Amino acid sequence: MNGAEGLVAMLQQMGVPFIAALCGNGLDPLLAAADAAGLRVIDTRNEQAAAYIADAYARLTGRLGVCAVSSGIAHVNALAGITNAWFDGAPVLLLSGASAGITLGRGGFQDMDQLAMARPVTKYVERITETRRIPLALREAVGAASGGRPGPVHLTITTDALEWGLPQDALDRAGALAPSAPTRAAGDPDELAHALALLANARKPVIVAGSGVFYTGAGESLRRFSRQTATPVVVPIWDRGMVDTPWETYMGVIGAASGEPDLLTQADLVLLLGAQVDYRVRFLDAPPLKPGVKVIRVTCDARQMYQGITPDVCILGDALSVLDGWRDMWQAGELAPHQGWLEEARGIQRAFYGRWAPGERLESEGEGRMDGATLVRTLDEGLAGIQPEPVLLIDGGNIGQWAHMLLASRRYPGDWLTCGPSGVVGWGVPGAMAARAACPNRPVVLLSGDGSLGFGLMEYESAARQGLPFVAVVADDGAWGIVATGQERSCGRRLSSELGPADYAGAAAALGGRGVRADTPRALKAALAEALESRHPTLIQVPIAVGGPA
C-alpha cells in the first residue's frame, strides 16, 4: 500500500462518498488510488467548482466534504470554495498536490508556499513530505474540521509522499475516523442557571439561531425549547437553517438588505445561539438595539466566546446539550413562558411579510415579461406538492433577495441552501451537483441570477457527463441586478453593472444538458414540470425586469 492508497482507505472508512477534483500536477497517485478502490471522483472544469462542491456537500449534510486539486494556481482557485466554507464554519478538507519534496524551495514546478495562502481561511494546515505522516496528519486535520466551531482544513501532499510505501503500523496508529464528530459540552451549571434566570425575567427575548445549531444537530431541541419558553426565533440571512417545518416560534430571516421583521431592536435580551456577531445582527450595538439589552452567548468554541462583543453570560457548550439542559431546568422551575410577547412578535412578522403577499393568482397576471417577484412565486407554486421534497439552492443577489422575502413565510431556511455568510455568487451550479450527489433520490432545483450563472456554466458539461441532473431556473435581467438597482437609487445611473444578451439555454444544451426559455408564468411552470422528469441537467432561462425588493 502506498501513501495515496492509505489516504483513500481512510476516507472510505469515514464514509466519504466522493472527492471533487480537477486533475493536474501531483494528483495522479491519488486519482489512481481512488479509481482502484471505487471511491467516486466528481471531476470539474475549474478548481473553484471542485471546492464549491465539497463546501456545498458539507453545508447540506454537516459531514466532511473533500476536494482535491493540483498545485500552484489550481490551489489558489480552490481557495474560493474554502473561503466560503470558512465563513459558514463548514467541515471541508482541501487536498492539494505538489511536486516531489526534494524540489520544494529550489524552484520546482509550481513551487509556492501553499500553506501560507490557505492558513487565514482554515483551521489546520500541513505540508506532508513523508508518507508515514499521512494517516496522523489526516486524523488531526479531520478532528480540527469537525471540532469546536467546524471549518475547512488543508493538506498539501508531495507526489513522492503519495507514491512511497505506507507501513501498515502507520495506518493502524491513526485508528478509526468519523466523518462528523461535533463537540459535546454541557456548559457550566452556574452559567446555565444565570442565563436561564435572565431569560425568564426578560420581557421581550429573541433567539438568534445560527449555523452552529445545524452543525451540532440541535434543531429539534431548539424547536422544543423555543415553544416551551414562547421565545421568538430568527435566523441570520445565509446561515445554514435548522428550521425545516412550520414552527410557531419562527419569525423569519434577519440581516437581509430588503428588511426584516422589526424584532431585534425591540428585544431586551438576545440569546445568540451558534451565531456570529456581525452586520446581520447589527453588531449587537445599542443603538440600534435597546440600551441595556442583555446578551447571552452559547458557543462550543472557546475562541468564539468573546467574538465581536462581551456578553452578559457566555456559555462554553454545544447548542444541543445546552438547550436540553435548559429545557429540564425551565420545567423544574415551573417558569412562565413569554406568550404575550410571542403573540406580539407574530403580529410584527405578519405585518412585514404581508407586504410581499401576491394580490391575485399568477395565472391572471398576463403574458408580459415577469419580474423577480413573479418568478419566485411561480417557482414556489411549481414546486408545491412535489415529492420527495426538492432540494432548493439559491445563488444570486437580486433574485436571492426576492426568494428570502417571498418564501420566508412558506418555506424555511432548512429547506434551501444559499451561498452562506460570505455573500459570494457563482457557486450555484457546482452546489447543485453536490446536492444531486448528496441526495440522489430528491429533485434538485437551483434558482440563480444570470450574473451568478456565468461563473459555473461550463460545469453543465461536467454534470451531464457524470450523471448529475438538476434544474436551474435562471433569472435573466441582463445585469448585476442588485448592484444596478442600488446604483440607480444612489447614482441615478448604472455603472459597469450591465450584461449583454446571452443564450444561456442554448449554451447549456451545447454542453450536453437541456436548455429551454420561459417568458410567462404558465410557460415556466410547464418547463419546470418537464425538467423535473428529465435525467439531464436542465437550464430554464427566464427573462425578467430589473428590480429588487424595497
# chains A, B, ... in the order shown; residues from 1 in each chain; ligands from 1
call {"tool": "residues_around", "arguments": {"residues": "Val206 in chain A", "least_positions_apart": "6", "cutoff": "9 Å", "atoms": "only C-alpha atoms", "output": "list in words"}}
result
Thr231, Pro232, Val233, Val234, Leu263, Leu264, Ala267, Asp268, Leu269, Val270, Leu271 and Leu272 of chain A
call {"tool": "residues_around", "arguments": {"residues": "range 10-17 of chain A", "least_positions_apart": "5", "cutoff": "9 Å", "atoms": "only C-alpha atoms", "output": "list in words"}}
result
Glu5, Ala37, Leu39, Arg40, Val41, Arg63, Leu64, Gly65, Val66, Pro135, Leu138, Leu171, Ala176, Leu177, Ala178, Pro179, Ser180, Ala437 and Ala438 of chain A
call {"tool": "atom_distance", "arguments": {"atom1": "CA of Ala286 in chain A", "atom2": "CA of Asp312 in chain A"}}
result
14.1 Å
call {"tool": "select_by_dssp", "arguments": {"residues": "range 183-377 of chain A", "states": "helix (DSSP H, G or I)", "output": "VMD selection string"}}
result
chain A and resid 189 to 201 211 to 215 219 to 229 264 to 266 279 to 284 302 to 304 319 to 332 339 to 356 362 to 364 372 to 377
call {"tool": "atom_distance", "arguments": {"atom1": "CA of Asn25 in chain A", "atom2": "CA of Gly97 in chain A"}}
result
6.2 Å
call {"tool": "residues_around", "arguments": {"residues": "Gln228 in chain A", "least_positions_apart": "2", "cutoff": "10 Å", "atoms": "only C-alpha atoms", "output": "mmCIF file with all heavy atoms, in the first residue's frame"}}
result
data_model
loop_
_atom_site.group_PDB
_atom_site.id
_atom_site.type_symbol
_atom_site.label_atom_id
_atom_site.label_comp_id
_atom_site.auth_asym_id
_atom_site.auth_seq_id
_atom_site.Cartn_x
_atom_site.Cartn_y
_atom_site.Cartn_z
ATOM 1 N N LEU A 222 -33.971 23.011 19.744
ATOM 2 C CA LEU A 222 -34.317 24.435 19.704
ATOM 3 C C LEU A 222 -35.824 24.612 19.526
ATOM 4 O O LEU A 222 -36.437 25.473 20.164
ATOM 5 C CB LEU A 222 -33.561 25.132 18.573
ATOM 6 C CG LEU A 222 -33.958 26.590 18.324
ATOM 7 C CD1 LEU A 222 -33.731 27.435 19.572
ATOM 8 C CD2 LEU A 222 -33.185 27.157 17.133
ATOM 9 N N ARG A 223 -36.417 23.815 18.663
ATOM 10 C CA ARG A 223 -37.866 23.923 18.447
ATOM 11 C C ARG A 223 -38.617 23.703 19.762
ATOM 12 O O ARG A 223 -39.511 24.481 20.119
ATOM 13 C CB ARG A 223 -38.326 22.912 17.401
ATOM 14 C CG ARG A 223 -39.812 23.035 17.037
ATOM 15 C CD ARG A 223 -40.264 21.881 16.152
ATOM 16 N NE ARG A 223 -40.256 20.627 16.869
ATOM 17 C CZ ARG A 223 -41.238 20.207 17.671
ATOM 18 N NH1 ARG A 223 -42.312 20.965 17.860
ATOM 19 N NH2 ARG A 223 -41.152 19.045 18.290
ATOM 20 N N ARG A 224 -38.240 22.651 20.480
ATOM 21 C CA ARG A 224 -38.936 22.344 21.733
ATOM 22 C C ARG A 224 -38.721 23.437 22.781
ATOM 23 O O ARG A 224 -39.660 23.851 23.463
ATOM 24 C CB ARG A 224 -38.466 20.983 22.275
ATOM 25 C CG ARG A 224 -38.905 19.802 21.428
ATOM 26 C CD ARG A 224 -38.752 18.497 22.206
ATOM 27 N NE ARG A 224 -37.362 18.239 22.566
ATOM 28 C CZ ARG A 224 -36.554 17.457 21.882
ATOM 29 N NH1 ARG A 224 -36.979 16.856 20.782
ATOM 30 N NH2 ARG A 224 -35.312 17.252 22.283
ATOM 31 N N PHE A 225 -37.484 23.912 22.904
ATOM 32 C CA PHE A 225 -37.192 24.923 23.925
ATOM 33 C C PHE A 225 -37.871 26.251 23.608
ATOM 34 O O PHE A 225 -38.403 26.916 24.506
ATOM 35 C CB PHE A 225 -35.680 25.110 24.044
ATOM 36 C CG PHE A 225 -35.275 26.126 25.082
ATOM 37 C CD1 PHE A 225 -35.434 25.846 26.436
ATOM 38 C CD2 PHE A 225 -34.754 27.356 24.717
ATOM 39 C CE1 PHE A 225 -35.064 26.776 27.406
ATOM 40 C CE2 PHE A 225 -34.386 28.294 25.669
ATOM 41 C CZ PHE A 225 -34.538 28.001 27.020
ATOM 42 N N SER A 226 -37.866 26.650 22.346
ATOM 43 C CA SER A 226 -38.487 27.927 21.987
ATOM 44 C C SER A 226 -40.007 27.870 22.198
ATOM 45 O O SER A 226 -40.626 28.870 22.596
ATOM 46 C CB SER A 226 -38.160 28.311 20.542
ATOM 47 O OG SER A 226 -38.711 27.389 19.622
ATOM 48 N N ALA A 230 -41.830 30.073 24.789
ATOM 49 C CA ALA A 230 -42.546 31.038 23.944
ATOM 50 C C ALA A 230 -41.622 32.188 23.552
ATOM 51 O O ALA A 230 -41.967 33.369 23.672
ATOM 52 C CB ALA A 230 -43.801 31.559 24.636
ATOM 53 N N THR A 231 -40.429 31.829 23.058
ATOM 54 C CA THR A 231 -39.437 32.824 22.659
ATOM 55 C C THR A 231 -39.294 32.845 21.148
ATOM 56 O O THR A 231 -39.036 31.796 20.537
ATOM 57 C CB THR A 231 -38.072 32.507 23.296
ATOM 58 O OG1 THR A 231 -38.226 32.429 24.717
ATOM 59 C CG2 THR A 231 -37.057 33.588 22.953
ATOM 60 N N THR A 249 -42.821 29.494 16.607
ATOM 61 C CA THR A 249 -41.906 30.487 17.167
ATOM 62 C C THR A 249 -40.971 31.092 16.124
ATOM 63 O O THR A 249 -40.241 32.037 16.430
ATOM 64 C CB THR A 249 -41.049 29.856 18.276
ATOM 65 O OG1 THR A 249 -40.383 28.697 17.754
ATOM 66 C CG2 THR A 249 -41.910 29.457 19.460
ATOM 67 N N ARG A 327 -34.012 23.078 28.993
ATOM 68 C CA ARG A 327 -35.400 22.627 28.935
ATOM 69 C C ARG A 327 -35.813 21.946 30.239
ATOM 70 O O ARG A 327 -36.889 22.196 30.780
ATOM 71 C CB ARG A 327 -35.595 21.681 27.748
ATOM 72 C CG ARG A 327 -37.065 21.396 27.453
ATOM 73 C CD ARG A 327 -37.243 20.592 26.171
ATOM 74 N NE ARG A 327 -36.726 19.241 26.286
ATOM 75 C CZ ARG A 327 -35.642 18.801 25.669
ATOM 76 N NH1 ARG A 327 -34.947 19.615 24.887
ATOM 77 N NH2 ARG A 327 -35.229 17.549 25.812
ATOM 78 N N TRP A 330 -35.989 24.669 33.027
ATOM 79 C CA TRP A 330 -37.179 25.522 32.900
ATOM 80 C C TRP A 330 -38.420 24.792 33.431
ATOM 81 O O TRP A 330 -39.231 25.358 34.171
ATOM 82 C CB TRP A 330 -37.373 25.906 31.433
ATOM 83 C CG TRP A 330 -38.446 26.929 31.188
ATOM 84 C CD1 TRP A 330 -39.787 26.709 31.099
ATOM 85 C CD2 TRP A 330 -38.253 28.331 31.003
ATOM 86 N NE1 TRP A 330 -40.453 27.882 30.865
ATOM 87 C CE2 TRP A 330 -39.535 28.907 30.796
ATOM 88 C CE3 TRP A 330 -37.142 29.158 30.982
ATOM 89 C CZ2 TRP A 330 -39.718 30.253 30.569
ATOM 90 C CZ3 TRP A 330 -37.322 30.513 30.745
ATOM 91 C CH2 TRP A 330 -38.590 31.056 30.543
ATOM 92 N N GLN A 331 -38.528 23.526 33.083
ATOM 93 C CA GLN A 331 -39.668 22.739 33.536
ATOM 94 C C GLN A 331 -39.630 22.542 35.046
ATOM 95 O O GLN A 331 -40.665 22.672 35.732
ATOM 96 C CB GLN A 331 -39.677 21.383 32.824
ATOM 97 C CG GLN A 331 -40.882 20.515 33.170
ATOM 98 C CD GLN A 331 -40.921 19.241 32.349
ATOM 99 O OE1 GLN A 331 -40.117 19.058 31.426
ATOM 100 N NE2 GLN A 331 -41.840 18.354 32.665
ATOM 101 N N LEU A 335 -41.218 27.835 35.238
ATOM 102 C CA LEU A 335 -41.102 29.222 34.801
ATOM 103 C C LEU A 335 -42.161 29.537 33.757
ATOM 104 O O LEU A 335 -42.574 28.669 32.973
ATOM 105 C CB LEU A 335 -39.702 29.478 34.242
ATOM 106 C CG LEU A 335 -38.556 29.202 35.238
ATOM 107 C CD1 LEU A 335 -37.204 29.350 34.560
ATOM 108 C CD2 LEU A 335 -38.654 30.144 36.438
ATOM 109 N N ALA A 336 -42.597 30.780 33.729
ATOM 110 C CA ALA A 336 -43.699 31.186 32.853
ATOM 111 C C ALA A 336 -43.187 31.506 31.451
ATOM 112 O O ALA A 336 -42.188 32.216 31.295
ATOM 113 C CB ALA A 336 -44.419 32.401 33.432
ATOM 114 N N PRO A 337 -43.852 31.019 30.408
ATOM 115 C CA PRO A 337 -43.459 31.350 29.026
ATOM 116 C C PRO A 337 -43.818 32.799 28.690
ATOM 117 O O PRO A 337 -44.669 33.414 29.324
ATOM 118 C CB PRO A 337 -44.261 30.363 28.184
ATOM 119 C CG PRO A 337 -45.456 30.039 29.022
ATOM 120 C CD PRO A 337 -45.001 30.078 30.443
ATOM 121 N N HIS A 338 -43.171 33.317 27.624
ATOM 122 C CA HIS A 338 -43.370 34.695 27.183
ATOM 123 C C HIS A 338 -44.485 34.756 26.132
ATOM 124 O O HIS A 338 -44.290 35.271 25.027
ATOM 125 C CB HIS A 338 -42.067 35.254 26.606
ATOM 126 C CG HIS A 338 -40.917 35.200 27.563
ATOM 127 N ND1 HIS A 338 -40.761 36.091 28.580
ATOM 128 C CD2 HIS A 338 -39.872 34.342 27.647
ATOM 129 C CE1 HIS A 338 -39.660 35.806 29.271
ATOM 130 N NE2 HIS A 338 -39.097 34.744 28.718
ATOM 131 N N GLN A 339 -45.658 34.250 26.476
ATOM 132 C CA GLN A 339 -46.711 34.072 25.479
ATOM 133 C C GLN A 339 -47.184 35.392 24.881
ATOM 134 O O GLN A 339 -47.432 35.494 23.681
ATOM 135 C CB GLN A 339 -47.892 33.325 26.105
ATOM 136 C CG GLN A 339 -48.806 32.670 25.086
ATOM 137 C CD GLN A 339 -48.099 31.622 24.255
ATOM 138 O OE1 GLN A 339 -47.397 30.767 24.799
ATOM 139 N NE2 GLN A 339 -48.266 31.687 22.937
#
call {"tool": "closest_residue", "arguments": {"among": "A:Gly143, A:Thr156, A:Tyr504, A:Ile386", "to": "Val69 in chain A", "atoms": "only C-alpha atoms"}}
result
A:Thr156
call {"tool": "closest_residue", "arguments": {"among": "A:Gly108, A:Arg522, A:Ala257, A:Ala384", "to": "Trp402 in chain A", "atoms": "only C-alpha atoms"}}
result
A:Ala257
call {"tool": "closest_residue", "arguments": {"among": "A:Glu461, A:Asp239, A:Asp476, A:Asp450", "to": "Ala85 in chain A", "atoms": "only C-alpha atoms"}}
result
A:Asp239
call {"tool": "closest_residue", "arguments": {"among": "A:Val376, A:Ala181, A:Cys439, A:Ala100", "to": "Ala161 in chain A", "atoms": "only C-alpha atoms"}}
result
A:Ala100
call {"tool": "closest_residue", "arguments": {"among": "A:Ser70, A:Pro521, A:Leu155, A:Gly107", "to": "Leu94 in chain A", "atoms": "only C-alpha atoms"}}
result
A:Leu155
call {"tool": "closest_residue", "arguments": {"among": "A:Gly26, A:Glu163, A:Arg297, A:Ala58", "to": "Ala435 in chain A", "atoms": "only C-alpha atoms"}}
result
A:Ala58
call {"tool": "atom_distance", "arguments": {"atom1": "CA of Leu273 in chain A", "atom2": "CA of Ala256 in chain A"}}
result
19.0 Å
call {"tool": "residues_around", "arguments": {"residues": "Tyr215 in chain A", "least_positions_apart": "6", "cutoff": "12 Å", "atoms": "only C-alpha atoms", "output": "PDB file with N, CA, C and O atoms, in the first residue's frame"}}
result
ATOM      1  N   ALA A  58     -20.809  19.663   2.454  1.00  0.00           N
ATOM      2  CA  ALA A  58     -20.647  19.800   3.905  1.00  0.00           C
ATOM      3  C   ALA A  58     -21.775  20.625   4.506  1.00  0.00           C
ATOM      4  O   ALA A  58     -22.296  20.295   5.579  1.00  0.00           O
ATOM      5  N   ARG A  59     -22.183  21.686   3.820  1.00  0.00           N
ATOM      6  CA  ARG A  59     -23.234  22.548   4.374  1.00  0.00           C
ATOM      7  C   ARG A  59     -24.619  21.917   4.254  1.00  0.00           C
ATOM      8  O   ARG A  59     -25.519  22.254   5.018  1.00  0.00           O
ATOM      9  N   LEU A  60     -24.794  21.013   3.329  1.00  0.00           N
ATOM     10  CA  LEU A  60     -26.065  20.292   3.216  1.00  0.00           C
ATOM     11  C   LEU A  60     -26.190  19.185   4.251  1.00  0.00           C
ATOM     12  O   LEU A  60     -27.263  18.959   4.807  1.00  0.00           O
ATOM     13  N   THR A  61     -25.107  18.486   4.515  1.00  0.00           N
ATOM     14  CA  THR A  61     -25.167  17.272   5.317  1.00  0.00           C
ATOM     15  C   THR A  61     -24.566  17.415   6.708  1.00  0.00           C
ATOM     16  O   THR A  61     -24.861  16.597   7.585  1.00  0.00           O
ATOM     17  N   GLY A  62     -23.703  18.411   6.921  1.00  0.00           N
ATOM     18  CA  GLY A  62     -22.970  18.513   8.169  1.00  0.00           C
ATOM     19  C   GLY A  62     -21.795  17.561   8.253  1.00  0.00           C
ATOM     20  O   GLY A  62     -21.101  17.491   9.272  1.00  0.00           O
ATOM     21  N   ARG A  63     -21.516  16.822   7.177  1.00  0.00           N
ATOM     22  CA  ARG A  63     -20.420  15.858   7.143  1.00  0.00           C
ATOM     23  C   ARG A  63     -19.259  16.416   6.329  1.00  0.00           C
ATOM     24  O   ARG A  63     -19.413  17.379   5.583  1.00  0.00           O
ATOM     25  N   LEU A  64     -18.096  15.795   6.465  1.00  0.00           N
ATOM     26  CA  LEU A  64     -16.892  16.279   5.820  1.00  0.00           C
ATOM     27  C   LEU A  64     -17.009  16.233   4.303  1.00  0.00           C
ATOM     28  O   LEU A  64     -17.311  15.185   3.724  1.00  0.00           O
ATOM     29  N   ASP A  88     -18.858  30.088   6.794  1.00  0.00           N
ATOM     30  CA  ASP A  88     -20.016  29.394   7.351  1.00  0.00           C
ATOM     31  C   ASP A  88     -19.642  28.482   8.503  1.00  0.00           C
ATOM     32  O   ASP A  88     -20.487  28.140   9.322  1.00  0.00           O
ATOM     33  N   GLY A  89     -18.379  28.069   8.571  1.00  0.00           N
ATOM     34  CA  GLY A  89     -17.991  27.068   9.551  1.00  0.00           C
ATOM     35  C   GLY A  89     -18.332  25.667   9.085  1.00  0.00           C
ATOM     36  O   GLY A  89     -18.817  24.843   9.858  1.00  0.00           O
ATOM     37  N   ALA A  90     -18.065  25.370   7.797  1.00  0.00           N
ATOM     38  CA  ALA A  90     -18.391  24.067   7.227  1.00  0.00           C
ATOM     39  C   ALA A  90     -17.147  23.183   7.205  1.00  0.00           C
ATOM     40  O   ALA A  90     -16.065  23.638   6.834  1.00  0.00           O
ATOM     41  N   PRO A  91     -17.281  21.904   7.572  1.00  0.00           N
ATOM     42  CA  PRO A  91     -16.126  20.999   7.602  1.00  0.00           C
ATOM     43  C   PRO A  91     -15.728  20.522   6.205  1.00  0.00           C
ATOM     44  O   PRO A  91     -16.406  19.685   5.600  1.00  0.00           O
ATOM     45  N   ALA A 145     -11.403  19.950  11.647  1.00  0.00           N
ATOM     46  CA  ALA A 145     -12.516  20.349  10.780  1.00  0.00           C
ATOM     47  C   ALA A 145     -13.861  20.234  11.478  1.00  0.00           C
ATOM     48  O   ALA A 145     -14.761  21.044  11.245  1.00  0.00           O
ATOM     49  N   SER A 146     -14.028  19.233  12.340  1.00  0.00           N
ATOM     50  CA  SER A 146     -15.333  18.995  12.951  1.00  0.00           C
ATOM     51  C   SER A 146     -15.406  19.402  14.406  1.00  0.00           C
ATOM     52  O   SER A 146     -16.499  19.487  14.969  1.00  0.00           O
ATOM     53  N   GLY A 147     -14.285  19.707  15.041  1.00  0.00           N
ATOM     54  CA  GLY A 147     -14.295  20.070  16.446  1.00  0.00           C
ATOM     55  C   GLY A 147     -14.562  21.540  16.679  1.00  0.00           C
ATOM     56  O   GLY A 147     -14.243  22.386  15.845  1.00  0.00           O
ATOM     57  N   GLY A 148     -15.153  21.870  17.851  1.00  0.00           N
ATOM     58  CA  GLY A 148     -15.471  23.261  18.155  1.00  0.00           C
ATOM     59  C   GLY A 148     -16.411  23.824  17.110  1.00  0.00           C
ATOM     60  O   GLY A 148     -17.384  23.192  16.711  1.00  0.00           O
ATOM     61  N   ARG A 149     -16.143  25.066  16.679  1.00  0.00           N
ATOM     62  CA  ARG A 149     -16.860  25.579  15.509  1.00  0.00           C
ATOM     63  C   ARG A 149     -16.227  24.926  14.289  1.00  0.00           C
ATOM     64  O   ARG A 149     -15.044  25.119  14.018  1.00  0.00           O
ATOM     65  N   PRO A 150     -16.976  24.135  13.503  1.00  0.00           N
ATOM     66  CA  PRO A 150     -16.378  23.449  12.354  1.00  0.00           C
ATOM     67  C   PRO A 150     -15.777  24.431  11.362  1.00  0.00           C
ATOM     68  O   PRO A 150     -16.054  25.634  11.393  1.00  0.00           O
ATOM     69  N   GLY A 151     -14.991  23.901  10.439  1.00  0.00           N
ATOM     70  CA  GLY A 151     -14.392  24.759   9.427  1.00  0.00           C
ATOM     71  C   GLY A 151     -13.491  23.970   8.503  1.00  0.00           C
ATOM     72  O   GLY A 151     -13.226  22.776   8.713  1.00  0.00           O
ATOM     73  N   SER A 180     -18.147  12.962  10.970  1.00  0.00           N
ATOM     74  CA  SER A 180     -18.708  14.092  11.697  1.00  0.00           C
ATOM     75  C   SER A 180     -18.588  13.799  13.180  1.00  0.00           C
ATOM     76  O   SER A 180     -19.057  12.763  13.652  1.00  0.00           O
ATOM     77  N   ALA A 181     -17.916  14.687  13.914  1.00  0.00           N
ATOM     78  CA  ALA A 181     -17.723  14.477  15.347  1.00  0.00           C
ATOM     79  C   ALA A 181     -17.900  15.806  16.070  1.00  0.00           C
ATOM     80  O   ALA A 181     -16.933  16.404  16.541  1.00  0.00           O
ATOM     81  N   PRO A 182     -19.141  16.313  16.141  1.00  0.00           N
ATOM     82  CA  PRO A 182     -19.348  17.611  16.781  1.00  0.00           C
ATOM     83  C   PRO A 182     -18.975  17.592  18.251  1.00  0.00           C
ATOM     84  O   PRO A 182     -19.135  16.581  18.938  1.00  0.00           O
ATOM     85  N   THR A 183     -18.440  18.716  18.714  1.00  0.00           N
ATOM     86  CA  THR A 183     -18.063  18.850  20.115  1.00  0.00           C
ATOM     87  C   THR A 183     -19.293  18.770  21.006  1.00  0.00           C
ATOM     88  O   THR A 183     -20.325  19.374  20.714  1.00  0.00           O
ATOM     89  N   ARG A 184     -19.186  18.028  22.095  1.00  0.00           N
ATOM     90  CA  ARG A 184     -20.268  17.928  23.062  1.00  0.00           C
ATOM     91  C   ARG A 184     -19.775  18.489  24.403  1.00  0.00           C
ATOM     92  O   ARG A 184     -18.787  18.011  24.965  1.00  0.00           O
ATOM     93  N   ALA A 209     -30.586  32.146  16.001  1.00  0.00           N
ATOM     94  CA  ALA A 209     -30.093  30.780  15.806  1.00  0.00           C
ATOM     95  C   ALA A 209     -29.256  30.718  14.536  1.00  0.00           C
ATOM     96  O   ALA A 209     -29.775  30.872  13.434  1.00  0.00           O
ATOM     97  N   ASP A 239     -27.199  31.984   6.942  1.00  0.00           N
ATOM     98  CA  ASP A 239     -26.763  30.916   7.826  1.00  0.00           C
ATOM     99  C   ASP A 239     -27.499  29.630   7.462  1.00  0.00           C
ATOM    100  O   ASP A 239     -28.624  29.654   6.962  1.00  0.00           O
ATOM    101  N   ARG A 240     -26.865  28.513   7.724  1.00  0.00           N
ATOM    102  CA  ARG A 240     -27.469  27.219   7.422  1.00  0.00           C
ATOM    103  C   ARG A 240     -28.643  27.008   8.355  1.00  0.00           C
ATOM    104  O   ARG A 240     -28.485  26.958   9.567  1.00  0.00           O
ATOM    105  N   GLY A 241     -29.803  26.896   7.814  1.00  0.00           N
ATOM    106  CA  GLY A 241     -31.003  26.838   8.642  1.00  0.00           C
ATOM    107  C   GLY A 241     -31.247  25.470   9.230  1.00  0.00           C
ATOM    108  O   GLY A 241     -30.884  24.438   8.666  1.00  0.00           O
ATOM    109  N   MET A 242     -31.884  25.479  10.396  1.00  0.00           N
ATOM    110  CA  MET A 242     -32.312  24.227  11.012  1.00  0.00           C
ATOM    111  C   MET A 242     -33.834  24.161  11.076  1.00  0.00           C
ATOM    112  O   MET A 242     -34.408  23.170  11.498  1.00  0.00           O
ATOM    113  N   LEU A 273     -27.205  31.946  19.665  1.00  0.00           N
ATOM    114  CA  LEU A 273     -27.049  30.504  19.735  1.00  0.00           C
ATOM    115  C   LEU A 273     -26.337  30.003  18.477  1.00  0.00           C
ATOM    116  O   LEU A 273     -26.929  29.935  17.397  1.00  0.00           O
ATOM    117  N   GLY A 274     -25.045  29.691  18.605  1.00  0.00           N
ATOM    118  CA  GLY A 274     -24.290  29.207  17.451  1.00  0.00           C
ATOM    119  C   GLY A 274     -24.242  30.201  16.316  1.00  0.00           C
ATOM    120  O   GLY A 274     -24.208  29.819  15.148  1.00  0.00           O
ATOM    121  N   ALA A 275     -24.253  31.488  16.638  1.00  0.00           N
ATOM    122  CA  ALA A 275     -24.284  32.548  15.621  1.00  0.00           C
ATOM    123  C   ALA A 275     -23.138  33.513  15.843  1.00  0.00           C
ATOM    124  O   ALA A 275     -22.621  33.669  16.955  1.00  0.00           O
ATOM    125  N   THR A 299     -21.645  28.986  22.655  1.00  0.00           N
ATOM    126  CA  THR A 299     -20.737  28.547  21.597  1.00  0.00           C
ATOM    127  C   THR A 299     -19.933  27.363  22.098  1.00  0.00           C
ATOM    128  O   THR A 299     -19.622  27.269  23.295  1.00  0.00           O
ATOM    129  N   CYS A 300     -19.592  26.451  21.192  1.00  0.00           N
ATOM    130  CA  CYS A 300     -18.773  25.298  21.562  1.00  0.00           C
ATOM    131  C   CYS A 300     -17.301  25.526  21.241  1.00  0.00           C
ATOM    132  O   CYS A 300     -16.501  24.602  21.321  1.00  0.00           O
ATOM    133  N   ASP A 318     -22.103  23.107  23.592  1.00  0.00           N
ATOM    134  CA  ASP A 318     -22.755  22.963  22.292  1.00  0.00           C
ATOM    135  C   ASP A 318     -24.245  23.211  22.441  1.00  0.00           C
ATOM    136  O   ASP A 318     -24.840  23.007  23.518  1.00  0.00           O
ATOM    137  N   ALA A 319     -24.859  23.679  21.357  1.00  0.00           N
ATOM    138  CA  ALA A 319     -26.264  24.089  21.402  1.00  0.00           C
ATOM    139  C   ALA A 319     -27.180  22.949  21.834  1.00  0.00           C
ATOM    140  O   ALA A 319     -28.124  23.157  22.603  1.00  0.00           O
ATOM    141  N   LEU A 320     -26.920  21.736  21.357  1.00  0.00           N
ATOM    142  CA  LEU A 320     -27.780  20.599  21.684  1.00  0.00           C
ATOM    143  C   LEU A 320     -27.789  20.326  23.185  1.00  0.00           C
ATOM    144  O   LEU A 320     -28.851  20.232  23.820  1.00  0.00           O
TER     145      LEU A 320
END
call {"tool": "select_by_dssp", "arguments": {"residues": "range 68-157 of chain A", "states": "strand (DSSP E or B)", "output": "PyMOL selection string"}}
result
chain A and resi 68-69+92-98+125-128+153-157
call {"tool": "write_last_selection", "arguments": {"atoms": "C-alpha atoms", "output": "PDB file, in the first residue's frame"}}
result
ATOM      1  CA  ALA A  68      -8.504  17.637  -4.394  1.00  0.00           C
ATOM      2  CA  VAL A  69      -6.665  19.968  -6.761  1.00  0.00           C
ATOM      3  CA  VAL A  92     -14.176  20.729   4.329  1.00  0.00           C
ATOM      4  CA  LEU A  93     -10.829  19.099   3.538  1.00  0.00           C
ATOM      5  CA  LEU A  94      -8.735  20.547   0.700  1.00  0.00           C
ATOM      6  CA  LEU A  95      -6.037  18.208  -0.611  1.00  0.00           C
ATOM      7  CA  SER A  96      -3.516  19.957  -2.866  1.00  0.00           C
ATOM      8  CA  GLY A  97      -0.796  18.302  -4.892  1.00  0.00           C
ATOM      9  CA  ALA A  98       2.834  19.326  -5.031  1.00  0.00           C
ATOM     10  CA  VAL A 125      -2.722  23.306   7.522  1.00  0.00           C
ATOM     11  CA  GLU A 126       0.205  20.961   6.952  1.00  0.00           C
ATOM     12  CA  ARG A 127       2.615  20.062   4.175  1.00  0.00           C
ATOM     13  CA  ILE A 128       3.369  16.347   4.111  1.00  0.00           C
ATOM     14  CA  VAL A 153      -8.676  22.360   6.738  1.00  0.00           C
ATOM     15  CA  HIS A 154      -5.861  21.834   4.245  1.00  0.00           C
ATOM     16  CA  LEU A 155      -3.155  19.280   3.475  1.00  0.00           C
ATOM     17  CA  THR A 156      -0.513  19.743   0.774  1.00  0.00           C
ATOM     18  CA  ILE A 157       0.976  16.323  -0.006  1.00  0.00           C
TER      19      ILE A 157
END
call {"tool": "residues_around", "arguments": {"residues": "range 528-540 of chain A", "least_positions_apart": "5", "cutoff": "7 Å", "atoms": "only C-alpha atoms", "output": "PyMOL selection string"}}
result
chain A and resi 382+443+460+463-464+468-474+505+508+513-518
